[in-house]
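Dumped structure00.pdb below, it's PDB, C-alpha atoms:
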```pdb
ATOM      1  CA  MET A   1       5.561   8.563 -14.449  1.00  0.00           C
ATOM      2  CA  SER A   2       6.027   4.873 -15.118  1.00  0.00           C
ATOM      3  CA  TYR A   3       4.066   2.363 -13.090  1.00  0.00           C
ATOM      4  CA  PHE A   4       5.969  -0.580 -14.587  1.00  0.00           C
ATOM      5  CA  PRO A   5       6.924  -3.397 -12.210  1.00  0.00           C
ATOM      6  CA  LYS A   6      10.461  -3.213 -10.874  1.00  0.00           C
ATOM      7  CA  ILE A   7      11.506  -6.824 -11.469  1.00  0.00           C
ATOM      8  CA  LEU A   8      14.761  -7.939  -9.860  1.00  0.00           C
ATOM      9  CA  THR A   9      14.553 -11.631 -10.828  1.00  0.00           C
ATOM     10  CA  ALA A  10      11.906 -13.864 -12.395  1.00  0.00           C
ATOM     11  CA  ILE A  11      11.562 -17.251 -14.077  1.00  0.00           C
ATOM     12  CA  PRO A  12       9.909 -17.425 -17.529  1.00  0.00           C
ATOM     13  CA  LYS A  13       6.948 -19.823 -17.355  1.00  0.00           C
ATOM     14  CA  GLN A  14       5.506 -19.390 -20.861  1.00  0.00           C
ATOM     15  CA  ARG A  15       6.237 -17.471 -24.060  1.00  0.00           C
ATOM     16  CA  TYR A  16       3.939 -16.413 -26.882  1.00  0.00           C
ATOM     17  CA  GLN A  17       4.053 -14.517 -30.152  1.00  0.00           C
ATOM     18  CA  PHE A  18       0.954 -12.379 -30.595  1.00  0.00           C
ATOM     19  CA  GLY A  19       1.010 -10.319 -33.760  1.00  0.00           C
ATOM     20  CA  GLU A  20       4.014  -8.016 -33.526  1.00  0.00           C
ATOM     21  CA  TYR A  21       4.421  -8.640 -29.777  1.00  0.00           C
ATOM     22  CA  GLY A  22       6.613 -11.123 -28.007  1.00  0.00           C
ATOM     23  CA  ILE A  23       5.041 -12.113 -24.698  1.00  0.00           C
ATOM     24  CA  SER A  24       6.691 -13.560 -21.613  1.00  0.00           C
ATOM     25  CA  VAL A  25       4.784 -14.914 -18.633  1.00  0.00           C
ATOM     26  CA  LEU A  26       6.969 -14.653 -15.543  1.00  0.00           C
ATOM     27  CA  GLY A  27       6.697 -16.402 -12.187  1.00  0.00           C
ATOM     28  CA  GLU A  28       8.782 -16.719  -9.024  1.00  0.00           C
ATOM     29  CA  ILE A  29       9.192 -12.955  -9.129  1.00  0.00           C
ATOM     30  CA  GLU A  30      11.371 -10.880  -6.863  1.00  0.00           C
ATOM     31  CA  SER A  31      10.631  -7.177  -7.070  1.00  0.00           C
ATOM     32  CA  SER A  32      11.438  -3.958  -5.279  1.00  0.00           C
ATOM     33  CA  ASP A  33       7.746  -2.965  -5.510  1.00  0.00           C
ATOM     34  CA  PRO A  34       5.579  -2.965  -2.378  1.00  0.00           C
ATOM     35  CA  GLN A  35       3.184  -5.569  -3.853  1.00  0.00           C
ATOM     36  CA  THR A  36       4.008  -9.264  -4.217  1.00  0.00           C
ATOM     37  CA  TYR A  37       3.573 -10.616  -7.735  1.00  0.00           C
ATOM     38  CA  GLN A  38       2.315 -14.123  -8.504  1.00  0.00           C
ATOM     39  CA  TYR A  39       2.680 -13.753 -12.287  1.00  0.00           C
ATOM     40  CA  ILE A  40       3.501 -10.995 -14.758  1.00  0.00           C
ATOM     41  CA  MET A  41       2.722 -11.054 -18.487  1.00  0.00           C
ATOM     42  CA  ALA A  42       4.926  -8.621 -20.412  1.00  0.00           C
ATOM     43  CA  PHE A  43       4.159  -7.502 -23.988  1.00  0.00           C
ATOM     44  CA  VAL A  44       7.270  -6.448 -25.948  1.00  0.00           C
ATOM     45  CA  PRO A  45       6.898  -4.976 -29.465  1.00  0.00           C
ATOM     46  CA  GLU A  46       9.202  -6.520 -32.094  1.00  0.00           C
ATOM     47  CA  GLY A  47      12.468  -4.626 -32.295  1.00  0.00           C
ATOM     48  CA  LYS A  48      11.995  -2.885 -28.944  1.00  0.00           C
ATOM     49  CA  PRO A  49      13.994  -3.654 -25.789  1.00  0.00           C
ATOM     50  CA  GLU A  50      11.267  -3.028 -23.196  1.00  0.00           C
ATOM     51  CA  PRO A  51       7.631  -4.053 -22.671  1.00  0.00           C
ATOM     52  CA  VAL A  52       4.867  -1.531 -23.339  1.00  0.00           C
ATOM     53  CA  LEU A  53       2.213  -3.400 -21.354  1.00  0.00           C
ATOM     54  CA  TYR A  54       2.228  -5.536 -18.235  1.00  0.00           C
ATOM     55  CA  ILE A  55      -0.640  -7.571 -16.866  1.00  0.00           C
ATOM     56  CA  CYS A  56       0.010  -8.715 -13.314  1.00  0.00           C
ATOM     57  CA  SER A  57      -1.407 -11.164 -10.810  1.00  0.00           C
ATOM     58  CA  GLU A  58      -0.463  -9.799  -7.409  1.00  0.00           C
ATOM     59  CA  LYS A  59      -1.292 -10.897  -3.911  1.00  0.00           C
ATOM     60  CA  SER A  60      -3.994  -8.774  -2.321  1.00  0.00           C
ATOM     61  CA  PRO A  61      -2.998  -6.777   0.760  1.00  0.00           C
ATOM     62  CA  PRO A  62      -4.244  -8.351   4.017  1.00  0.00           C
ATOM     63  CA  LYS A  63      -6.955  -5.683   4.450  1.00  0.00           C
ATOM     64  CA  ASP A  64      -8.455  -6.596   1.034  1.00  0.00           C
ATOM     65  CA  ARG A  65      -8.207 -10.404   1.161  1.00  0.00           C
ATOM     66  CA  HIS A  66     -11.921 -10.766   1.960  1.00  0.00           C
ATOM     67  CA  GLU A  67     -12.465  -9.815  -1.734  1.00  0.00           C
ATOM     68  CA  GLY A  68      -9.996 -12.456  -2.973  1.00  0.00           C
ATOM     69  CA  SER A  69      -6.411 -13.588  -2.521  1.00  0.00           C
ATOM     70  CA  HIS A  70      -5.117 -11.946  -5.730  1.00  0.00           C
ATOM     71  CA  ARG A  71      -5.679  -8.886  -7.909  1.00  0.00           C
ATOM     72  CA  LEU A  72      -5.447  -8.611 -11.685  1.00  0.00           C
ATOM     73  CA  ARG A  73      -3.696  -5.356 -12.605  1.00  0.00           C
ATOM     74  CA  VAL A  74      -3.069  -3.727 -15.998  1.00  0.00           C
ATOM     75  CA  VAL A  75      -0.032  -1.457 -16.246  1.00  0.00           C
ATOM     76  CA  ASN A  76       1.171   0.696 -19.134  1.00  0.00           C
ATOM     77  CA  GLN A  77       3.160   3.920 -19.380  1.00  0.00           C
ATOM     78  CA  ALA A  78       0.147   6.056 -18.466  1.00  0.00           C
ATOM     79  CA  MET A  79      -1.718   4.055 -15.825  1.00  0.00           C
ATOM     80  CA  SER A  80      -1.943   1.213 -13.358  1.00  0.00           C
ATOM     81  CA  GLU A  81      -5.439  -0.135 -12.759  1.00  0.00           C
ATOM     82  CA  ILE A  82      -6.850  -3.091 -10.849  1.00  0.00           C
ATOM     83  CA  MET A  83      -9.280  -4.873 -13.166  1.00  0.00           C
ATOM     84  CA  SER A  84     -10.501  -7.643 -10.869  1.00  0.00           C
ATOM     85  CA  THR A  85      -9.948  -9.268  -7.476  1.00  0.00           C
ATOM     86  CA  GLY A  86     -10.422 -12.968  -6.785  1.00  0.00           C
ATOM     87  CA  ASP A  87      -8.815 -16.262  -5.891  1.00  0.00           C
ATOM     88  CA  GLN A  88      -8.745 -17.326  -9.574  1.00  0.00           C
ATOM     89  CA  TRP A  89      -5.803 -15.020 -10.396  1.00  0.00           C
ATOM     90  CA  ARG A  90      -3.382 -17.264  -8.481  1.00  0.00           C
ATOM     91  CA  ASP A  91      -3.868 -19.988 -11.138  1.00  0.00           C
ATOM     92  CA  LEU A  92      -1.407 -19.742 -14.053  1.00  0.00           C
ATOM     93  CA  GLY A  93      -3.849 -20.992 -16.702  1.00  0.00           C
ATOM     94  CA  THR A  94      -6.707 -18.728 -15.650  1.00  0.00           C
ATOM     95  CA  PHE A  95      -4.377 -15.734 -15.385  1.00  0.00           C
ATOM     96  CA  THR A  96      -2.794 -16.398 -18.791  1.00  0.00           C
ATOM     97  CA  ASP A  97      -6.138 -16.806 -20.579  1.00  0.00           C
ATOM     98  CA  GLU A  98      -7.498 -13.533 -19.186  1.00  0.00           C
ATOM     99  CA  ALA A  99      -4.230 -11.617 -19.641  1.00  0.00           C
ATOM    100  CA  LEU A 100      -4.069 -12.593 -23.326  1.00  0.00           C
ATOM    101  CA  LYS A 101      -7.667 -11.375 -23.792  1.00  0.00           C
ATOM    102  CA  LEU A 102      -6.877  -8.074 -22.080  1.00  0.00           C
ATOM    103  CA  GLY A 103      -3.714  -7.630 -24.136  1.00  0.00           C
ATOM    104  CA  GLU A 104      -5.681  -8.314 -27.316  1.00  0.00           C
ATOM    105  CA  GLN A 105      -8.199  -5.607 -26.418  1.00  0.00           C
ATOM    106  CA  LEU A 106      -5.680  -3.019 -25.219  1.00  0.00           C
ATOM    107  CA  LEU A 107      -3.217  -3.455 -28.104  1.00  0.00           C
ATOM    108  CA  GLY A 108      -5.774  -3.925 -30.891  1.00  0.00           C
ATOM    109  CA  LEU A 109      -4.795  -7.492 -31.745  1.00  0.00           C
ATOM    110  CA  SER A 110      -8.256  -8.829 -32.589  1.00  0.00           C
ATOM    111  CA  ALA A 111      -7.104  -9.904 -36.083  1.00  0.00           C
ATOM    112  CA  GLU A 112      -4.252 -11.948 -34.579  1.00  0.00           C
ATOM    113  CA  GLN A 113      -3.996 -15.244 -32.701  1.00  0.00           C
ATOM    114  CA  PRO A 114      -1.490 -15.893 -29.919  1.00  0.00           C
ATOM    115  CA  VAL A 115       0.996 -18.688 -30.667  1.00  0.00           C
ATOM    116  CA  LYS A 116       2.496 -20.491 -27.686  1.00  0.00           C
ATOM    117  CA  LEU A 117       6.264 -20.846 -28.050  1.00  0.00           C
ATOM    118  CA  MET A 118       7.134 -22.273 -24.627  1.00  0.00           C
TER     119      MET A 118
END
```
Write the structure described by the file as structure tokens, please.
Amino acid sequence: MSYFPKILTAIPKQRYQFGEYGISVLGEIESSDPQTYQYIMAFVPEGKPEPVLYICSEKSPPKDRHEGSHRLRVVNQAMSEIMSTGDQWRDLGTFTDEALKLGEQLLGLSAEQPVKLM
């Protein structure tokens, strides 16, 4: 079962090349998912049409907002896991820095450096 976000529309905010992955950071996201996304970072392998990894900043449900306004979630084909909750994940710069680090760890990109394209 795929846990990938069901994105209807989104605006690219930033783009990177990280090793063999093209990365898009999306904002202003409309989705058919129950959660509301602030940002989504999508990792697309070269030559492939679809991302293999998503790192998402999503608004926390009202019952969990005492822990923070947003959650940082990692999603791949096999799992969807909340990594952290806090107000910092609503900030584009903070989200992007942490999402790139997580992507590096999860995709084995420690020998590579991300290059900002946009």
*asked:* the PyMOL selection byres ((chain A and resi 75) around 8) - which residues does that actually catch in the file I just gave you? List them as number ranges by chain.
replied: A: 3-4, 53-56, 73-74, 76-81
*asked:* Suppose a student applies the PyMOL selection byres ((chain A and resi 45-52) around 6) to this structure; what residues should they get, written as a list in words?
replied: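 Applied to this file, the PyMOL selection byres ((chain A and resi 45-52) around 6) returns Glu20, Tyr21, Ala42, Phe43, Val44 and Leu53 of chain A.
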Residue subset to file, keeping C-alpha atoms, as a PDB file, keeping the file's coordinate frame:
```
ATOM      1  CA  GLU A  20       4.014  -8.016 -33.526  1.00  0.00           C
ATOM      2  CA  TYR A  21       4.421  -8.640 -29.777  1.00  0.00           C
ATOM      3  CA  ALA A  42       4.926  -8.621 -20.412  1.00  0.00           C
ATOM      4  CA  PHE A  43       4.159  -7.502 -23.988  1.00  0.00           C
ATOM      5  CA  VAL A  44       7.270  -6.448 -25.948  1.00  0.00           C
ATOM      6  CA  LEU A  53       2.213  -3.400 -21.354  1.00  0.00           C
TER       7      LEU A  53
END
```
*Convert the output of the PyMOL selection byres ((chain A and resi 90-99) around 8) on the shown file into explicit residues, formatted as a PyMOL selection string.*
chain A and resi 25+38-39+41+55+57+69-70+87-89+100-103
Keeping C-alpha atoms for every residue in the selection just given, could you write it to a file as a PDB file, in the coordinates of the input?
```
ATOM      1  CA  VAL A  25       4.784 -14.914 -18.633  1.00  0.00           C
ATOM      2  CA  GLN A  38       2.315 -14.123  -8.504  1.00  0.00           C
ATOM      3  CA  TYR A  39       2.680 -13.753 -12.287  1.00  0.00           C
ATOM      4  CA  MET A  41       2.722 -11.054 -18.487  1.00  0.00           C
ATOM      5  CA  ILE A  55      -0.640  -7.571 -16.866  1.00  0.00           C
ATOM      6  CA  SER A  57      -1.407 -11.164 -10.810  1.00  0.00           C
ATOM      7  CA  SER A  69      -6.411 -13.588  -2.521  1.00  0.00           C
ATOM      8  CA  HIS A  70      -5.117 -11.946  -5.730  1.00  0.00           C
ATOM      9  CA  ASP A  87      -8.815 -16.262  -5.891  1.00  0.00           C
ATOM     10  CA  GLN A  88      -8.745 -17.326  -9.574  1.00  0.00           C
ATOM     11  CA  TRP A  89      -5.803 -15.020 -10.396  1.00  0.00           C
ATOM     12  CA  LEU A 100      -4.069 -12.593 -23.326  1.00  0.00           C
ATOM     13  CA  LYS A 101      -7.667 -11.375 -23.792  1.00  0.00           C
ATOM     14  CA  LEU A 102      -6.877  -8.074 -22.080  1.00  0.00           C
ATOM     15  CA  GLY A 103      -3.714  -7.630 -24.136  1.00  0.00           C
TER      16      GLY A 103
END
```
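Minimum atom-to-atom distances from A:Ile7, A:Met118, A:Ala111, A:Ile23 to Gln35 (chain A) were compared using all atoms listed in the file, and the lowest value belongs to A:Ile7.
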*Could you tell me how far CA of Arg65 (chain A) lies from CA of Leu8 (chain A), in Å and to one decimal?*
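So the two atoms, CA of Arg65 (chain A) and CA of Leu8 (chain A), lie 25.6 Å apart.
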*For a cut-off of 7 Å around (-1.5, -9.7, -33.9), file coordinates, pick out all residues using only C-alpha atoms and list them as a count of residues only.*
8
_Point-to-point distance from CA of Leu117 (chain A) to CA of Ser31 (chain A), Å rounded to tenths_ =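 CA of Ser31 (chain A) lies at a distance of 25.4 Å from CA of Leu117 (chain A).
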*Of the residues A:Lys59, A:Lys116, A:Lys13, A:Lys6, which is the one nearest to Ile82 (chain A), using all atoms listed in the file?*
A:Lys59
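Of the listed residues (A:His66, A:Ile40, A:Ser2, A:Asp33), A:Ile40 comes nearest to Arg15 (chain A); the distances count all atoms listed in the file.
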*At what distance in Å, to one decimal, does CA of Ser84 (chain A) lie from CA of Leu72 (chain A)?*
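Between CA of Leu72 (chain A) and CA of Ser84 (chain A) the gap works out to 5.2 Å.
With distances taken over all atoms listed in the file, A:Gln17 is the one residue among A:Ala10, A:Glu58, A:Gln17, A:Gly27 lying closest to Glu104 (chain A).
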How big is the axis-aligned box around all listed atoms of region 48-62 of chain A once 4 Å goes on each side, and where's its centre, in Å to one decimal, as AutoDock Vina command-line options?
```
--center_x 4.9 --center_y -6.3 --center_z -12.5 --size_x 26.2 --size_y 17.6 --size_z 41.0
```
For region 77-91 of chain A in the structure I just supplied, write out all heavy atoms - as a PDB file, in the first residue's frame.
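Saved result, decode.pdb, follows:
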```pdb
ATOM      1  N   GLN A  77       7.428   4.068  -0.110  1.00  0.00           N
ATOM      2  CA  GLN A  77       6.483   3.049  -0.560  1.00  0.00           C
ATOM      3  C   GLN A  77       6.044   2.125   0.580  1.00  0.00           C
ATOM      4  O   GLN A  77       4.924   1.632   0.587  1.00  0.00           O
ATOM      5  CB  GLN A  77       7.117   2.215  -1.682  1.00  0.00           C
ATOM      6  CG  GLN A  77       6.165   1.262  -2.359  1.00  0.00           C
ATOM      7  CD  GLN A  77       5.048   1.951  -3.127  1.00  0.00           C
ATOM      8  OE1 GLN A  77       5.226   3.036  -3.660  1.00  0.00           O
ATOM      9  NE2 GLN A  77       3.885   1.334  -3.174  1.00  0.00           N
ATOM     10  N   ALA A  78       6.904   1.935   1.564  1.00  0.00           N
ATOM     11  CA  ALA A  78       6.632   0.956   2.614  1.00  0.00           C
ATOM     12  C   ALA A  78       6.071   1.542   3.903  1.00  0.00           C
ATOM     13  O   ALA A  78       5.511   0.803   4.709  1.00  0.00           O
ATOM     14  CB  ALA A  78       7.915   0.194   2.933  1.00  0.00           C
ATOM     15  N   MET A  79       6.251   2.841   4.130  1.00  0.00           N
ATOM     16  CA  MET A  79       5.850   3.382   5.435  1.00  0.00           C
ATOM     17  C   MET A  79       5.561   4.862   5.397  1.00  0.00           C
ATOM     18  O   MET A  79       5.920   5.562   4.470  1.00  0.00           O
ATOM     19  CB  MET A  79       6.932   3.108   6.480  1.00  0.00           C
ATOM     20  CG  MET A  79       8.295   3.673   6.134  1.00  0.00           C
ATOM     21  SD  MET A  79       8.501   5.395   6.511  1.00  0.00           S
ATOM     22  CE  MET A  79       9.624   5.359   7.825  1.00  0.00           C
ATOM     23  N   SER A  80       4.900   5.304   6.450  1.00  0.00           N
ATOM     24  CA  SER A  80       4.633   6.717   6.703  1.00  0.00           C
ATOM     25  C   SER A  80       4.841   6.920   8.194  1.00  0.00           C
ATOM     26  O   SER A  80       4.117   6.324   8.999  1.00  0.00           O
ATOM     27  CB  SER A  80       3.195   7.059   6.301  1.00  0.00           C
ATOM     28  OG  SER A  80       2.879   8.366   6.677  1.00  0.00           O
ATOM     29  N   GLU A  81       5.833   7.723   8.556  1.00  0.00           N
ATOM     30  CA  GLU A  81       6.179   7.866   9.972  1.00  0.00           C
ATOM     31  C   GLU A  81       6.411   9.322  10.341  1.00  0.00           C
ATOM     32  O   GLU A  81       7.143  10.036   9.654  1.00  0.00           O
ATOM     33  CB  GLU A  81       7.441   7.056  10.272  1.00  0.00           C
ATOM     34  CG  GLU A  81       7.813   7.068  11.739  1.00  0.00           C
ATOM     35  CD  GLU A  81       8.975   6.142  12.040  1.00  0.00           C
ATOM     36  OE1 GLU A  81       9.180   5.147  11.323  1.00  0.00           O
ATOM     37  OE2 GLU A  81       9.694   6.435  13.008  1.00  0.00           O
ATOM     38  N   ILE A  82       5.797   9.735  11.447  1.00  0.00           N
ATOM     39  CA  ILE A  82       6.033  11.071  11.993  1.00  0.00           C
ATOM     40  C   ILE A  82       7.375  11.048  12.715  1.00  0.00           C
ATOM     41  O   ILE A  82       7.591  10.234  13.614  1.00  0.00           O
ATOM     42  CB  ILE A  82       4.901  11.498  12.946  1.00  0.00           C
ATOM     43  CG1 ILE A  82       3.592  11.618  12.171  1.00  0.00           C
ATOM     44  CG2 ILE A  82       5.242  12.819  13.632  1.00  0.00           C
ATOM     45  CD1 ILE A  82       2.378  11.796  13.033  1.00  0.00           C
ATOM     46  N   MET A  83       8.266  11.956  12.307  1.00  0.00           N
ATOM     47  CA  MET A  83       9.609  12.007  12.882  1.00  0.00           C
ATOM     48  C   MET A  83       9.708  13.007  14.032  1.00  0.00           C
ATOM     49  O   MET A  83      10.516  12.834  14.934  1.00  0.00           O
ATOM     50  CB  MET A  83      10.631  12.386  11.803  1.00  0.00           C
ATOM     51  CG  MET A  83      10.613  11.477  10.584  1.00  0.00           C
ATOM     52  SD  MET A  83      10.922   9.753  10.959  1.00  0.00           S
ATOM     53  CE  MET A  83      12.657   9.804  11.348  1.00  0.00           C
ATOM     54  N   SER A  84       8.888  14.075  13.955  1.00  0.00           N
ATOM     55  CA  SER A  84       8.999  15.145  14.936  1.00  0.00           C
ATOM     56  C   SER A  84       7.739  15.998  14.873  1.00  0.00           C
ATOM     57  O   SER A  84       7.082  16.069  13.837  1.00  0.00           O
ATOM     58  CB  SER A  84      10.231  15.998  14.615  1.00  0.00           C
ATOM     59  OG  SER A  84      10.318  17.129  15.440  1.00  0.00           O
ATOM     60  N   THR A  85       7.423  16.651  15.989  1.00  0.00           N
ATOM     61  CA  THR A  85       6.317  17.602  16.042  1.00  0.00           C
ATOM     62  C   THR A  85       6.838  18.892  16.660  1.00  0.00           C
ATOM     63  O   THR A  85       7.572  18.849  17.648  1.00  0.00           O
ATOM     64  CB  THR A  85       5.157  17.051  16.894  1.00  0.00           C
ATOM     65  OG1 THR A  85       4.712  15.816  16.320  1.00  0.00           O
ATOM     66  CG2 THR A  85       3.993  18.012  16.949  1.00  0.00           C
ATOM     67  N   GLY A  86       6.488  20.018  16.060  1.00  0.00           N
ATOM     68  CA  GLY A  86       6.925  21.303  16.612  1.00  0.00           C
ATOM     69  C   GLY A  86       6.544  22.458  15.704  1.00  0.00           C
ATOM     70  O   GLY A  86       6.233  22.266  14.531  1.00  0.00           O
ATOM     71  N   ASP A  87       6.590  23.643  16.251  1.00  0.00           N
ATOM     72  CA  ASP A  87       6.248  24.841  15.493  1.00  0.00           C
ATOM     73  C   ASP A  87       7.266  25.147  14.397  1.00  0.00           C
ATOM     74  O   ASP A  87       6.949  25.823  13.417  1.00  0.00           O
ATOM     75  CB  ASP A  87       6.130  26.045  16.424  1.00  0.00           C
ATOM     76  CG  ASP A  87       4.986  25.897  17.423  1.00  0.00           C
ATOM     77  OD1 ASP A  87       4.061  25.101  17.172  1.00  0.00           O
ATOM     78  OD2 ASP A  87       5.034  26.582  18.461  1.00  0.00           O
ATOM     79  N   GLN A  88       8.502  24.650  14.531  1.00  0.00           N
ATOM     80  CA  GLN A  88       9.564  24.959  13.572  1.00  0.00           C
ATOM     81  C   GLN A  88       9.293  24.419  12.174  1.00  0.00           C
ATOM     82  O   GLN A  88       9.806  24.947  11.194  1.00  0.00           O
ATOM     83  CB  GLN A  88      10.926  24.460  14.075  1.00  0.00           C
ATOM     84  CG  GLN A  88      11.094  22.950  14.073  1.00  0.00           C
ATOM     85  CD  GLN A  88      10.655  22.275  15.349  1.00  0.00           C
ATOM     86  OE1 GLN A  88       9.793  22.762  16.074  1.00  0.00           O
ATOM     87  NE2 GLN A  88      11.236  21.116  15.638  1.00  0.00           N
ATOM     88  N   TRP A  89       8.453  23.403  12.038  1.00  0.00           N
ATOM     89  CA  TRP A  89       8.226  22.783  10.722  1.00  0.00           C
ATOM     90  C   TRP A  89       7.321  23.611   9.824  1.00  0.00           C
ATOM     91  O   TRP A  89       7.110  23.259   8.670  1.00  0.00           O
ATOM     92  CB  TRP A  89       7.699  21.360  10.881  1.00  0.00           C
ATOM     93  CG  TRP A  89       8.594  20.540  11.750  1.00  0.00           C
ATOM     94  CD1 TRP A  89       8.225  19.815  12.843  1.00  0.00           C
ATOM     95  CD2 TRP A  89      10.010  20.385  11.627  1.00  0.00           C
ATOM     96  NE1 TRP A  89       9.337  19.232  13.405  1.00  0.00           N
ATOM     97  CE2 TRP A  89      10.438  19.566  12.690  1.00  0.00           C
ATOM     98  CE3 TRP A  89      10.964  20.870  10.736  1.00  0.00           C
ATOM     99  CZ2 TRP A  89      11.778  19.217  12.863  1.00  0.00           C
ATOM    100  CZ3 TRP A  89      12.290  20.523  10.922  1.00  0.00           C
ATOM    101  CH2 TRP A  89      12.686  19.702  11.969  1.00  0.00           C
ATOM    102  N   ARG A  90       6.809  24.741  10.314  1.00  0.00           N
ATOM    103  CA  ARG A  90       6.030  25.633   9.446  1.00  0.00           C
ATOM    104  C   ARG A  90       6.930  26.613   8.701  1.00  0.00           C
ATOM    105  O   ARG A  90       6.484  27.302   7.791  1.00  0.00           O
ATOM    106  CB  ARG A  90       4.962  26.368  10.240  1.00  0.00           C
ATOM    107  CG  ARG A  90       5.510  27.363  11.234  1.00  0.00           C
ATOM    108  CD  ARG A  90       4.399  28.076  11.981  1.00  0.00           C
ATOM    109  NE  ARG A  90       4.971  28.767  13.109  1.00  0.00           N
ATOM    110  CZ  ARG A  90       4.352  28.983  14.234  1.00  0.00           C
ATOM    111  NH1 ARG A  90       3.118  28.573  14.403  1.00  0.00           N
ATOM    112  NH2 ARG A  90       4.948  29.620  15.205  1.00  0.00           N
ATOM    113  N   ASP A  91       8.217  26.673   9.067  1.00  0.00           N
ATOM    114  CA  ASP A  91       9.188  27.559   8.432  1.00  0.00           C
ATOM    115  C   ASP A  91       9.866  26.844   7.261  1.00  0.00           C
ATOM    116  O   ASP A  91      10.427  25.746   7.436  1.00  0.00           O
ATOM    117  CB  ASP A  91      10.244  27.986   9.454  1.00  0.00           C
ATOM    118  CG  ASP A  91      11.325  28.845   8.833  1.00  0.00           C
ATOM    119  OD1 ASP A  91      11.038  30.023   8.542  1.00  0.00           O
ATOM    120  OD2 ASP A  91      12.437  28.325   8.615  1.00  0.00           O
TER     121      ASP A  91
END
```
